[in-house]
$ cat data38.cif   # mmCIF, N, CA and C atoms and all ligand atoms
data_coords
loop_
_atom_site.label_atom_id
_atom_site.label_comp_id
_atom_site.auth_asym_id
_atom_site.auth_seq_id
_atom_site.Cartn_x
_atom_site.Cartn_y
_atom_site.Cartn_z
N MET R 9 54.19 27.51 -228.10
CA MET R 9 53.79 26.26 -227.39
C MET R 9 52.86 25.44 -228.27
N PRO R 10 53.17 24.17 -228.48
CA PRO R 10 52.26 23.36 -229.30
C PRO R 10 50.89 23.24 -228.64
N LEU R 11 49.89 23.20 -229.48
CA LEU R 11 48.52 23.12 -228.95
C LEU R 11 48.28 21.75 -228.29
N LYS R 12 47.77 21.78 -227.09
CA LYS R 12 47.47 20.53 -226.39
C LYS R 12 46.11 20.66 -225.70
N PHE R 13 45.33 19.62 -225.84
CA PHE R 13 43.99 19.63 -225.25
C PHE R 13 44.07 19.71 -223.73
N LYS R 14 43.36 20.69 -223.20
CA LYS R 14 43.25 20.76 -221.75
C LYS R 14 41.79 21.13 -221.46
N CYS R 15 41.09 20.16 -220.97
CA CYS R 15 39.67 20.39 -220.71
C CYS R 15 39.52 21.40 -219.58
N PRO R 16 38.78 22.48 -219.83
CA PRO R 16 38.62 23.49 -218.78
C PRO R 16 37.51 23.15 -217.80
N PHE R 17 37.21 21.85 -217.73
CA PHE R 17 36.13 21.34 -216.89
C PHE R 17 36.12 22.02 -215.51
N ASN R 18 34.93 22.36 -215.11
CA ASN R 18 34.71 22.96 -213.79
C ASN R 18 35.01 24.45 -213.73
N GLU R 19 35.80 24.93 -214.71
CA GLU R 19 36.05 26.37 -214.73
C GLU R 19 35.11 27.03 -215.73
N GLU R 20 35.12 26.47 -216.96
CA GLU R 20 34.31 27.11 -218.00
C GLU R 20 33.30 26.18 -218.63
N CYS R 21 33.52 24.90 -218.53
CA CYS R 21 32.67 24.00 -219.32
C CYS R 21 32.31 22.73 -218.56
N ARG R 22 31.04 22.38 -218.64
CA ARG R 22 30.60 21.07 -218.13
C ARG R 22 29.68 20.43 -219.16
N ASN R 23 30.05 20.62 -220.43
CA ASN R 23 29.13 20.18 -221.48
C ASN R 23 29.20 18.70 -221.79
N CYS R 24 30.15 18.00 -221.17
CA CYS R 24 30.30 16.58 -221.47
C CYS R 24 29.09 15.78 -221.01
N CYS R 25 28.90 14.64 -221.65
CA CYS R 25 28.00 13.62 -221.13
C CYS R 25 26.52 13.98 -221.26
N VAL R 26 26.21 14.94 -222.12
CA VAL R 26 24.81 15.25 -222.44
C VAL R 26 24.67 15.02 -223.94
N PHE R 27 23.72 14.16 -224.31
CA PHE R 27 23.66 13.72 -225.71
C PHE R 27 22.33 14.10 -226.35
N ASN R 28 22.43 14.75 -227.49
CA ASN R 28 21.24 15.06 -228.27
C ASN R 28 21.26 14.35 -229.61
N GLU R 29 22.47 14.14 -230.13
CA GLU R 29 22.60 13.50 -231.45
C GLU R 29 23.07 12.06 -231.29
N LYS R 30 22.42 11.17 -232.03
CA LYS R 30 22.82 9.76 -231.94
C LYS R 30 24.29 9.57 -232.33
N GLU R 31 24.72 10.32 -233.34
CA GLU R 31 26.11 10.23 -233.80
C GLU R 31 27.11 10.40 -232.66
N GLU R 32 26.76 11.22 -231.68
CA GLU R 32 27.69 11.54 -230.58
C GLU R 32 27.65 10.50 -229.46
N MET R 33 26.64 9.66 -229.47
CA MET R 33 26.49 8.71 -228.34
C MET R 33 27.62 7.66 -228.39
N PRO R 34 28.05 7.18 -227.21
CA PRO R 34 29.22 6.29 -227.18
C PRO R 34 28.98 4.94 -227.87
N ILE R 35 30.02 4.48 -228.56
CA ILE R 35 30.02 3.12 -229.11
C ILE R 35 30.73 2.24 -228.09
N VAL R 36 30.10 1.12 -227.71
CA VAL R 36 30.70 0.29 -226.66
C VAL R 36 30.91 -1.15 -227.15
N PHE R 37 31.91 -1.81 -226.55
CA PHE R 37 32.18 -3.21 -226.83
C PHE R 37 31.22 -4.07 -225.99
N GLU R 38 31.18 -5.35 -226.38
CA GLU R 38 30.23 -6.26 -225.71
C GLU R 38 30.42 -6.28 -224.18
N ASP R 39 31.67 -6.37 -223.72
CA ASP R 39 31.90 -6.45 -222.26
C ASP R 39 31.52 -5.13 -221.58
N GLU R 40 31.71 -4.02 -222.32
CA GLU R 40 31.31 -2.72 -221.75
C GLU R 40 29.79 -2.65 -221.67
N LYS R 41 29.13 -3.19 -222.68
CA LYS R 41 27.65 -3.21 -222.67
C LYS R 41 27.17 -4.02 -221.47
N GLU R 42 27.82 -5.17 -221.25
CA GLU R 42 27.41 -6.00 -220.10
C GLU R 42 27.60 -5.26 -218.78
N MET R 43 28.73 -4.58 -218.67
CA MET R 43 29.00 -3.81 -217.44
C MET R 43 27.90 -2.75 -217.25
N LEU R 44 27.52 -2.09 -218.35
CA LEU R 44 26.49 -1.05 -218.26
C LEU R 44 25.12 -1.66 -217.95
N GLU R 45 24.88 -2.84 -218.52
CA GLU R 45 23.60 -3.52 -218.22
C GLU R 45 23.53 -3.87 -216.75
N ASN R 46 24.67 -4.30 -216.20
CA ASN R 46 24.69 -4.61 -214.76
C ASN R 46 24.42 -3.38 -213.91
N LEU R 47 24.64 -2.23 -214.52
CA LEU R 47 24.37 -0.97 -213.79
C LEU R 47 23.00 -0.40 -214.17
N GLY R 48 22.20 -1.22 -214.87
CA GLY R 48 20.81 -0.83 -215.13
C GLY R 48 20.53 -0.21 -216.49
N GLN R 49 21.55 -0.14 -217.35
CA GLN R 49 21.31 0.43 -218.68
C GLN R 49 20.67 -0.61 -219.60
N ARG R 50 19.69 -0.18 -220.38
CA ARG R 50 18.93 -1.16 -221.18
C ARG R 50 18.91 -0.83 -222.67
N GLU R 51 19.26 0.39 -223.04
CA GLU R 51 19.04 0.75 -224.45
C GLU R 51 20.34 0.78 -225.25
N PHE R 52 20.45 -0.17 -226.14
CA PHE R 52 21.63 -0.27 -226.99
C PHE R 52 21.19 -0.64 -228.40
N GLU R 53 21.92 -0.17 -229.38
CA GLU R 53 21.64 -0.59 -230.76
C GLU R 53 22.86 -1.28 -231.31
N GLU R 54 22.62 -2.45 -231.87
CA GLU R 54 23.77 -3.23 -232.36
C GLU R 54 24.38 -2.59 -233.61
N ILE R 55 25.70 -2.62 -233.64
CA ILE R 55 26.43 -2.16 -234.84
C ILE R 55 27.31 -3.33 -235.23
N ARG R 56 27.28 -3.73 -236.47
CA ARG R 56 28.14 -4.82 -236.92
C ARG R 56 29.40 -4.25 -237.55
N PHE R 57 30.53 -4.81 -237.15
CA PHE R 57 31.79 -4.44 -237.80
C PHE R 57 32.49 -5.75 -238.10
N GLY R 58 32.40 -6.22 -239.36
CA GLY R 58 32.86 -7.58 -239.68
C GLY R 58 32.06 -8.54 -238.83
N ASN R 59 32.78 -9.41 -238.10
CA ASN R 59 32.09 -10.35 -237.22
C ASN R 59 31.93 -9.81 -235.81
N VAL R 60 32.40 -8.61 -235.60
CA VAL R 60 32.42 -8.06 -234.25
C VAL R 60 31.11 -7.34 -233.96
N LYS R 61 30.59 -7.58 -232.77
CA LYS R 61 29.37 -6.85 -232.38
C LYS R 61 29.77 -5.69 -231.48
N LEU R 62 29.35 -4.53 -231.89
CA LEU R 62 29.52 -3.34 -231.06
C LEU R 62 28.13 -2.76 -230.84
N TYR R 63 28.05 -1.80 -229.97
CA TYR R 63 26.73 -1.24 -229.65
C TYR R 63 26.81 0.26 -229.51
N LYS R 64 25.78 0.89 -230.02
CA LYS R 64 25.58 2.31 -229.73
C LYS R 64 24.79 2.35 -228.43
N TRP R 65 25.37 3.00 -227.46
CA TRP R 65 24.70 3.15 -226.15
C TRP R 65 23.77 4.36 -226.27
N ILE R 66 22.48 4.09 -226.19
CA ILE R 66 21.50 5.17 -226.38
C ILE R 66 21.31 5.92 -225.07
N ILE R 67 21.73 7.16 -225.10
CA ILE R 67 21.60 8.04 -223.92
C ILE R 67 20.82 9.26 -224.38
N LYS R 68 19.68 9.49 -223.75
CA LYS R 68 18.88 10.65 -224.16
C LYS R 68 19.09 11.75 -223.13
N GLY R 69 19.78 12.78 -223.55
CA GLY R 69 20.06 13.87 -222.61
C GLY R 69 21.29 13.55 -221.77
N ARG R 70 21.19 13.87 -220.48
CA ARG R 70 22.35 13.69 -219.59
C ARG R 70 22.57 12.20 -219.28
N CYS R 71 23.80 11.77 -219.35
CA CYS R 71 24.11 10.37 -219.00
C CYS R 71 23.70 10.13 -217.54
N PRO R 72 23.07 8.98 -217.26
CA PRO R 72 22.64 8.71 -215.89
C PRO R 72 23.81 8.62 -214.90
N PHE R 73 25.03 8.48 -215.42
CA PHE R 73 26.19 8.38 -214.53
C PHE R 73 26.90 9.72 -214.35
N ASN R 74 26.35 10.75 -214.94
CA ASN R 74 26.95 12.07 -214.78
C ASN R 74 26.28 12.77 -213.60
N ASP R 75 27.09 13.12 -212.63
CA ASP R 75 26.54 13.79 -211.46
C ASP R 75 26.20 15.24 -211.82
N PRO R 76 24.90 15.60 -211.80
CA PRO R 76 24.52 16.95 -212.25
C PRO R 76 25.08 18.05 -211.34
N ASN R 77 25.42 17.70 -210.11
CA ASN R 77 25.94 18.73 -209.20
C ASN R 77 27.41 19.03 -209.45
N THR R 78 28.17 17.96 -209.66
CA THR R 78 29.62 18.17 -209.84
C THR R 78 30.03 18.10 -211.31
N GLY R 79 29.19 17.49 -212.15
CA GLY R 79 29.56 17.27 -213.55
C GLY R 79 30.49 16.08 -213.72
N LEU R 80 30.81 15.39 -212.63
CA LEU R 80 31.77 14.29 -212.71
C LEU R 80 31.09 12.97 -213.06
N CYS R 81 31.91 12.07 -213.61
CA CYS R 81 31.42 10.74 -213.97
C CYS R 81 31.45 9.84 -212.74
N LYS R 82 30.30 9.23 -212.46
CA LYS R 82 30.22 8.40 -211.25
C LYS R 82 30.83 7.01 -211.47
N ILE R 83 31.13 6.69 -212.74
CA ILE R 83 31.77 5.38 -212.99
C ILE R 83 33.13 5.61 -213.67
N HIS R 84 33.78 6.67 -213.26
CA HIS R 84 35.02 7.09 -213.91
C HIS R 84 36.02 5.94 -214.10
N GLU R 85 36.18 5.11 -213.04
CA GLU R 85 37.20 4.06 -213.10
C GLU R 85 36.89 3.01 -214.17
N LYS R 86 35.60 2.83 -214.48
CA LYS R 86 35.30 1.77 -215.45
C LYS R 86 34.52 2.28 -216.66
N LYS R 87 34.57 3.58 -216.89
CA LYS R 87 33.78 4.09 -218.02
C LYS R 87 34.32 3.54 -219.35
N PRO R 88 33.44 3.44 -220.34
CA PRO R 88 33.84 2.84 -221.62
C PRO R 88 34.95 3.63 -222.33
N LEU R 89 35.64 2.92 -223.21
CA LEU R 89 36.74 3.57 -223.95
C LEU R 89 36.25 4.79 -224.73
N SER R 90 35.03 4.72 -225.26
CA SER R 90 34.51 5.88 -226.00
C SER R 90 34.47 7.13 -225.14
N CYS R 91 34.19 6.94 -223.85
CA CYS R 91 34.16 8.09 -222.94
C CYS R 91 35.59 8.57 -222.68
N LYS R 92 36.51 7.60 -222.58
CA LYS R 92 37.90 7.98 -222.29
C LYS R 92 38.54 8.72 -223.45
N MET R 93 38.09 8.44 -224.66
CA MET R 93 38.75 9.07 -225.82
C MET R 93 38.14 10.43 -226.20
N PHE R 94 36.99 10.76 -225.65
CA PHE R 94 36.33 12.01 -226.00
C PHE R 94 37.26 13.21 -225.72
N PRO R 95 37.39 14.19 -226.61
CA PRO R 95 36.54 14.50 -227.76
C PRO R 95 36.93 13.85 -229.08
N LEU R 96 37.74 12.77 -229.03
CA LEU R 96 37.91 11.98 -230.24
C LEU R 96 36.73 11.00 -230.29
N ASN R 97 36.15 10.85 -231.44
CA ASN R 97 35.01 9.94 -231.58
C ASN R 97 35.31 8.88 -232.62
N LEU R 98 34.92 7.66 -232.33
CA LEU R 98 34.99 6.60 -233.33
C LEU R 98 33.73 6.66 -234.17
N ARG R 99 33.89 6.54 -235.48
CA ARG R 99 32.72 6.42 -236.35
C ARG R 99 32.85 5.09 -237.08
N ILE R 100 31.77 4.34 -237.09
CA ILE R 100 31.82 3.05 -237.78
C ILE R 100 30.68 2.99 -238.78
N LYS R 101 31.07 2.81 -240.05
CA LYS R 101 30.04 2.66 -241.09
C LYS R 101 30.40 1.44 -241.90
N GLY R 102 29.58 0.41 -241.82
CA GLY R 102 29.92 -0.85 -242.51
C GLY R 102 31.24 -1.35 -241.97
N ASN R 103 32.20 -1.57 -242.89
CA ASN R 103 33.50 -2.06 -242.45
C ASN R 103 34.53 -0.95 -242.33
N GLU R 104 34.07 0.27 -242.33
CA GLU R 104 34.98 1.42 -242.27
C GLU R 104 34.97 2.04 -240.88
N VAL R 105 36.17 2.29 -240.38
CA VAL R 105 36.29 2.98 -239.10
C VAL R 105 36.96 4.32 -239.36
N SER R 106 36.42 5.36 -238.82
CA SER R 106 37.09 6.66 -238.93
C SER R 106 37.08 7.34 -237.56
N ILE R 107 37.91 8.35 -237.47
CA ILE R 107 38.06 9.06 -236.21
C ILE R 107 37.69 10.52 -236.48
N GLU R 108 36.84 11.04 -235.64
CA GLU R 108 36.45 12.43 -235.81
C GLU R 108 36.63 13.19 -234.51
N LEU R 109 36.80 14.47 -234.67
CA LEU R 109 36.83 15.34 -233.49
C LEU R 109 35.41 15.81 -233.23
N SER R 110 35.00 15.78 -232.00
CA SER R 110 33.63 16.16 -231.69
C SER R 110 33.50 17.67 -231.49
N PHE R 111 32.64 18.25 -232.30
CA PHE R 111 32.37 19.68 -232.12
C PHE R 111 31.32 19.92 -231.03
N ALA R 112 30.91 18.82 -230.37
CA ALA R 112 30.07 19.00 -229.16
C ALA R 112 30.95 19.48 -228.01
N CYS R 113 32.26 19.34 -228.18
CA CYS R 113 33.20 19.75 -227.12
C CYS R 113 33.54 21.24 -227.27
N SER R 114 33.37 21.97 -226.19
CA SER R 114 33.61 23.42 -226.24
C SER R 114 35.07 23.73 -226.56
N TRP R 115 35.99 22.91 -226.05
CA TRP R 115 37.41 23.16 -226.32
C TRP R 115 37.67 23.01 -227.82
N VAL R 116 37.10 21.99 -228.44
CA VAL R 116 37.30 21.78 -229.88
C VAL R 116 36.70 22.96 -230.66
N LYS R 117 35.52 23.39 -230.23
CA LYS R 117 34.88 24.54 -230.92
C LYS R 117 35.79 25.76 -230.85
N ALA R 118 36.45 25.93 -229.70
CA ALA R 118 37.30 27.11 -229.52
C ALA R 118 38.67 26.95 -230.17
N HIS R 119 39.01 25.72 -230.56
CA HIS R 119 40.33 25.46 -231.18
C HIS R 119 40.16 24.66 -232.46
N PRO R 120 39.47 25.22 -233.46
CA PRO R 120 39.21 24.44 -234.68
C PRO R 120 40.49 24.08 -235.42
N GLN R 121 41.58 24.81 -235.14
CA GLN R 121 42.87 24.48 -235.79
C GLN R 121 43.36 23.09 -235.41
N ALA R 122 42.81 22.54 -234.30
CA ALA R 122 43.21 21.19 -233.86
C ALA R 122 42.91 20.15 -234.94
N LEU R 123 41.92 20.46 -235.78
CA LEU R 123 41.55 19.55 -236.87
C LEU R 123 42.70 19.28 -237.82
N ARG R 124 43.57 20.26 -237.96
CA ARG R 124 44.67 20.14 -238.94
C ARG R 124 45.93 19.58 -238.30
N LEU R 125 45.92 19.37 -236.99
CA LEU R 125 47.12 18.94 -236.29
C LEU R 125 47.07 17.43 -236.00
N ASP R 126 48.23 16.92 -235.61
CA ASP R 126 48.32 15.49 -235.32
C ASP R 126 47.57 15.18 -234.02
N PRO R 127 46.48 14.41 -234.09
CA PRO R 127 45.68 14.16 -232.87
C PRO R 127 46.47 13.44 -231.78
N LYS R 128 47.51 12.68 -232.16
CA LYS R 128 48.34 11.99 -231.14
C LYS R 128 49.01 12.99 -230.23
N ARG R 129 49.37 14.14 -230.82
CA ARG R 129 50.08 15.15 -230.02
C ARG R 129 49.11 16.06 -229.27
N VAL R 130 48.00 16.37 -229.92
CA VAL R 130 47.05 17.30 -229.29
C VAL R 130 46.26 16.59 -228.18
N PHE R 131 45.97 15.31 -228.39
CA PHE R 131 45.14 14.55 -227.43
C PHE R 131 45.87 13.28 -227.00
N PRO R 132 47.05 13.38 -226.37
CA PRO R 132 47.83 12.16 -226.11
C PRO R 132 47.10 11.13 -225.25
N ARG R 133 46.41 11.56 -224.20
CA ARG R 133 45.74 10.61 -223.31
C ARG R 133 44.53 9.97 -223.99
N GLU R 134 43.79 10.82 -224.68
CA GLU R 134 42.57 10.33 -225.35
C GLU R 134 42.97 9.40 -226.51
N TRP R 135 44.10 9.74 -227.16
CA TRP R 135 44.58 8.92 -228.27
C TRP R 135 44.90 7.51 -227.79
N LYS R 136 45.43 7.40 -226.58
CA LYS R 136 45.75 6.07 -226.01
C LYS R 136 44.48 5.21 -225.92
N ALA R 137 43.40 5.83 -225.44
CA ALA R 137 42.13 5.10 -225.32
C ALA R 137 41.63 4.70 -226.71
N LEU R 138 41.81 5.60 -227.66
CA LEU R 138 41.38 5.32 -229.04
C LEU R 138 42.19 4.14 -229.60
N GLU R 139 43.51 4.17 -229.35
CA GLU R 139 44.36 3.07 -229.85
C GLU R 139 43.96 1.74 -229.22
N GLU R 140 43.60 1.80 -227.95
CA GLU R 140 43.17 0.56 -227.28
C GLU R 140 41.90 0.02 -227.96
N ALA R 141 40.99 0.93 -228.30
CA ALA R 141 39.75 0.50 -228.97
C ALA R 141 40.08 -0.07 -230.36
N LEU R 142 40.98 0.59 -231.08
CA LEU R 142 41.33 0.10 -232.43
C LEU R 142 42.02 -1.26 -232.34
N GLU R 143 42.87 -1.42 -231.32
CA GLU R 143 43.56 -2.70 -231.13
C GLU R 143 42.54 -3.81 -230.82
N ARG R 144 41.55 -3.48 -230.02
CA ARG R 144 40.52 -4.47 -229.70
C ARG R 144 39.75 -4.85 -230.95
N LEU R 145 39.48 -3.86 -231.81
CA LEU R 145 38.78 -4.15 -233.06
C LEU R 145 39.63 -5.03 -233.96
N ARG R 146 40.93 -4.69 -234.03
CA ARG R 146 41.85 -5.49 -234.87
C ARG R 146 41.87 -6.93 -234.38
N ARG R 147 42.03 -7.09 -233.05
CA ARG R 147 42.11 -8.46 -232.48
C ARG R 147 40.82 -9.23 -232.74
N ALA R 148 39.71 -8.53 -232.61
CA ALA R 148 38.42 -9.21 -232.77
C ALA R 148 38.21 -9.66 -234.22
N LEU R 149 38.85 -8.96 -235.14
CA LEU R 149 38.66 -9.30 -236.55
C LEU R 149 39.56 -10.44 -237.00
N THR R 150 40.62 -10.75 -236.21
CA THR R 150 41.55 -11.79 -236.68
C THR R 150 41.18 -13.15 -236.09
S1 LIG U 1 29.84 7.03 -218.47
FE1 LIG U 1 30.71 8.81 -217.48
S2 LIG U 1 32.05 9.74 -219.04
FE2 LIG U 1 30.68 8.30 -220.08
S3 LIG U 1 28.94 9.54 -220.78
FE3 LIG U 1 28.41 8.71 -218.77
S4 LIG U 1 29.03 10.24 -217.25
FE4 LIG U 1 30.03 10.72 -219.20
S1 LIG U 2 32.81 19.43 -223.62
FE1 LIG U 2 35.05 19.40 -223.93
S2 LIG U 2 35.79 21.16 -222.80
FE2 LIG U 2 33.71 20.76 -222.05
S3 LIG U 2 33.95 19.44 -220.26
FE3 LIG U 2 33.72 18.11 -222.04
S4 LIG U 2 35.81 17.63 -222.77
FE4 LIG U 2 35.90 19.42 -221.40
#
$ encode --input "data38.cif" --output "structure tokens"
Amino acid sequence: MPLKFKCPFNEECRNCCVFNEKEEMPIVFEDEKEMLENLGQREFEEIRFGNVKLYKWIIKGRCPFNDPNTGLCKIHEKKPLSCKMFPLNLRIKGNEVSIELSFACSWVKAHPQALRLDPKRVFPREWKALEEALERLRRALT
């Protein structure tokens, strides 16, 4: 059976949405930042990518939208693309975009062979969110 990401959420792992490293914090688009600001979020750091403004959403510890009792996202329907693509992470340095697998994810830690496989096949749903983010970046640059 080909390896496919299946989050064991609620059975073995609820490690999502708790941030200790800045690198792991979500990168959000301007409209996503506005949506989060409307929900009371205030801490963002600007990231420039060409002429496009993106933001690192600074979350210290557990995301305020993560329900500590259930582990579920309270804004699931409108959560940012970075959250939808996890455990795929966008990395932006200057004008370079790269995609990394997050070792903050217990499933990734338990399946390091996923690093060598085609992420489109291993993470089909998350890859869609990633493609949407890349498409938005492409459109914003043209
Ligand atoms: S918005 Fe939702 S999915 Fe994203 S970090 Fe917060 S709780 Fe997790
Ligand atoms: S850290 Fe990975 S395995 Fe754990 S709940 Fe999050 S996505 Fe699922």
$ atom_distance --input "data38.cif" --atom1 "atom N of R:Leu80" --atom2 "atom N of R:Glu40"
21.7 Å
$ atom_distance --input "data38.cif" --atom1 "atom S3 of ligand LIG 1 (chain U)" --atom2 "atom CA of R:Cys25"
4.2 Å
$ select_by_dssp --input "data38.cif" --residues "chain R" --states "strand (DSSP E or B)" --output "PyMOL selection string"
chain R and resi 17+21+26-27+35-37+52-57+60-65+69-70+74+81+96-101+104-109
$ closest_residue --input "data38.cif" --among "R:Lys87, R:Gly79, R:Leu149, R:Ser106" --to "R:Asn23" --atoms "all atoms listed in the file"
R:Gly79
$ atom_distance --input "data38.cif" --atom1 "atom N of R:Leu125" --atom2 "atom N of R:Phe94"
16.8 Å
$ closest_residue --input "data38.cif" --among "R:Lys101, R:Arg147, R:Ala112, R:Pro120" --to "R:Phe57" --atoms "all atoms listed in the file"
R:Lys101
$ build_atoms --input "data38.cif" --residues "stretch 15-35 of chain R" --atoms "N, CA, C and O atoms" --output "PDB file, keeping the file's coordinate frame"
ATOM      1  N   CYS R  15      41.090  20.160-220.970  1.00  0.00           N
ATOM      2  CA  CYS R  15      39.670  20.390-220.710  1.00  0.00           C
ATOM      3  C   CYS R  15      39.520  21.400-219.580  1.00  0.00           C
ATOM      4  O   CYS R  15      40.072  21.208-218.496  1.00  0.00           O
ATOM      5  N   PRO R  16      38.780  22.480-219.830  1.00  0.00           N
ATOM      6  CA  PRO R  16      38.620  23.490-218.780  1.00  0.00           C
ATOM      7  C   PRO R  16      37.510  23.150-217.800  1.00  0.00           C
ATOM      8  O   PRO R  16      36.952  24.009-217.150  1.00  0.00           O
ATOM      9  N   PHE R  17      37.210  21.850-217.730  1.00  0.00           N
ATOM     10  CA  PHE R  17      36.130  21.340-216.890  1.00  0.00           C
ATOM     11  C   PHE R  17      36.120  22.020-215.510  1.00  0.00           C
ATOM     12  O   PHE R  17      37.158  22.193-214.880  1.00  0.00           O
ATOM     13  N   ASN R  18      34.930  22.360-215.110  1.00  0.00           N
ATOM     14  CA  ASN R  18      34.710  22.960-213.790  1.00  0.00           C
ATOM     15  C   ASN R  18      35.010  24.450-213.730  1.00  0.00           C
ATOM     16  O   ASN R  18      34.592  25.113-212.817  1.00  0.00           O
ATOM     17  N   GLU R  19      35.800  24.930-214.710  1.00  0.00           N
ATOM     18  CA  GLU R  19      36.050  26.370-214.730  1.00  0.00           C
ATOM     19  C   GLU R  19      35.110  27.030-215.730  1.00  0.00           C
ATOM     20  O   GLU R  19      34.430  27.962-215.429  1.00  0.00           O
ATOM     21  N   GLU R  20      35.120  26.470-216.960  1.00  0.00           N
ATOM     22  CA  GLU R  20      34.310  27.110-218.000  1.00  0.00           C
ATOM     23  C   GLU R  20      33.300  26.180-218.630  1.00  0.00           C
ATOM     24  O   GLU R  20      32.356  26.637-219.254  1.00  0.00           O
ATOM     25  N   CYS R  21      33.520  24.900-218.530  1.00  0.00           N
ATOM     26  CA  CYS R  21      32.670  24.000-219.320  1.00  0.00           C
ATOM     27  C   CYS R  21      32.310  22.730-218.560  1.00  0.00           C
ATOM     28  O   CYS R  21      33.168  22.098-217.961  1.00  0.00           O
ATOM     29  N   ARG R  22      31.040  22.380-218.640  1.00  0.00           N
ATOM     30  CA  ARG R  22      30.600  21.070-218.130  1.00  0.00           C
ATOM     31  C   ARG R  22      29.680  20.430-219.160  1.00  0.00           C
ATOM     32  O   ARG R  22      28.671  19.835-218.796  1.00  0.00           O
ATOM     33  N   ASN R  23      30.050  20.620-220.430  1.00  0.00           N
ATOM     34  CA  ASN R  23      29.130  20.180-221.480  1.00  0.00           C
ATOM     35  C   ASN R  23      29.200  18.700-221.790  1.00  0.00           C
ATOM     36  O   ASN R  23      28.450  18.205-222.613  1.00  0.00           O
ATOM     37  N   CYS R  24      30.150  18.000-221.170  1.00  0.00           N
ATOM     38  CA  CYS R  24      30.300  16.580-221.470  1.00  0.00           C
ATOM     39  C   CYS R  24      29.090  15.780-221.010  1.00  0.00           C
ATOM     40  O   CYS R  24      28.403  16.179-220.092  1.00  0.00           O
ATOM     41  N   CYS R  25      28.900  14.640-221.650  1.00  0.00           N
ATOM     42  CA  CYS R  25      28.000  13.620-221.130  1.00  0.00           C
ATOM     43  C   CYS R  25      26.520  13.980-221.260  1.00  0.00           C
ATOM     44  O   CYS R  25      25.680  13.392-220.580  1.00  0.00           O
ATOM     45  N   VAL R  26      26.210  14.940-222.120  1.00  0.00           N
ATOM     46  CA  VAL R  26      24.810  15.250-222.440  1.00  0.00           C
ATOM     47  C   VAL R  26      24.670  15.020-223.940  1.00  0.00           C
ATOM     48  O   VAL R  26      25.439  15.578-224.727  1.00  0.00           O
ATOM     49  N   PHE R  27      23.720  14.160-224.310  1.00  0.00           N
ATOM     50  CA  PHE R  27      23.660  13.720-225.710  1.00  0.00           C
ATOM     51  C   PHE R  27      22.330  14.100-226.350  1.00  0.00           C
ATOM     52  O   PHE R  27      21.265  13.789-225.818  1.00  0.00           O
ATOM     53  N   ASN R  28      22.430  14.750-227.490  1.00  0.00           N
ATOM     54  CA  ASN R  28      21.240  15.060-228.270  1.00  0.00           C
ATOM     55  C   ASN R  28      21.260  14.350-229.610  1.00  0.00           C
ATOM     56  O   ASN R  28      20.226  14.024-230.161  1.00  0.00           O
ATOM     57  N   GLU R  29      22.470  14.140-230.130  1.00  0.00           N
ATOM     58  CA  GLU R  29      22.600  13.500-231.450  1.00  0.00           C
ATOM     59  C   GLU R  29      23.070  12.060-231.290  1.00  0.00           C
ATOM     60  O   GLU R  29      24.017  11.814-230.550  1.00  0.00           O
ATOM     61  N   LYS R  30      22.420  11.170-232.030  1.00  0.00           N
ATOM     62  CA  LYS R  30      22.820   9.760-231.940  1.00  0.00           C
ATOM     63  C   LYS R  30      24.290   9.570-232.330  1.00  0.00           C
ATOM     64  O   LYS R  30      25.018   8.779-231.734  1.00  0.00           O
ATOM     65  N   GLU R  31      24.720  10.320-233.340  1.00  0.00           N
ATOM     66  CA  GLU R  31      26.110  10.230-233.800  1.00  0.00           C
ATOM     67  C   GLU R  31      27.110  10.400-232.660  1.00  0.00           C
ATOM     68  O   GLU R  31      28.189   9.836-232.672  1.00  0.00           O
ATOM     69  N   GLU R  32      26.760  11.220-231.680  1.00  0.00           N
ATOM     70  CA  GLU R  32      27.690  11.540-230.580  1.00  0.00           C
ATOM     71  C   GLU R  32      27.650  10.500-229.460  1.00  0.00           C
ATOM     72  O   GLU R  32      28.512  10.496-228.594  1.00  0.00           O
ATOM     73  N   MET R  33      26.640   9.660-229.470  1.00  0.00           N
ATOM     74  CA  MET R  33      26.490   8.710-228.340  1.00  0.00           C
ATOM     75  C   MET R  33      27.620   7.660-228.390  1.00  0.00           C
ATOM     76  O   MET R  33      28.080   7.295-229.468  1.00  0.00           O
ATOM     77  N   PRO R  34      28.050   7.180-227.210  1.00  0.00           N
ATOM     78  CA  PRO R  34      29.220   6.290-227.180  1.00  0.00           C
ATOM     79  C   PRO R  34      28.980   4.940-227.870  1.00  0.00           C
ATOM     80  O   PRO R  34      27.897   4.360-227.753  1.00  0.00           O
ATOM     81  N   ILE R  35      30.020   4.480-228.560  1.00  0.00           N
ATOM     82  CA  ILE R  35      30.020   3.120-229.110  1.00  0.00           C
ATOM     83  C   ILE R  35      30.730   2.240-228.090  1.00  0.00           C
ATOM     84  O   ILE R  35      31.823   2.580-227.635  1.00  0.00           O
TER      85      ILE R  35
END
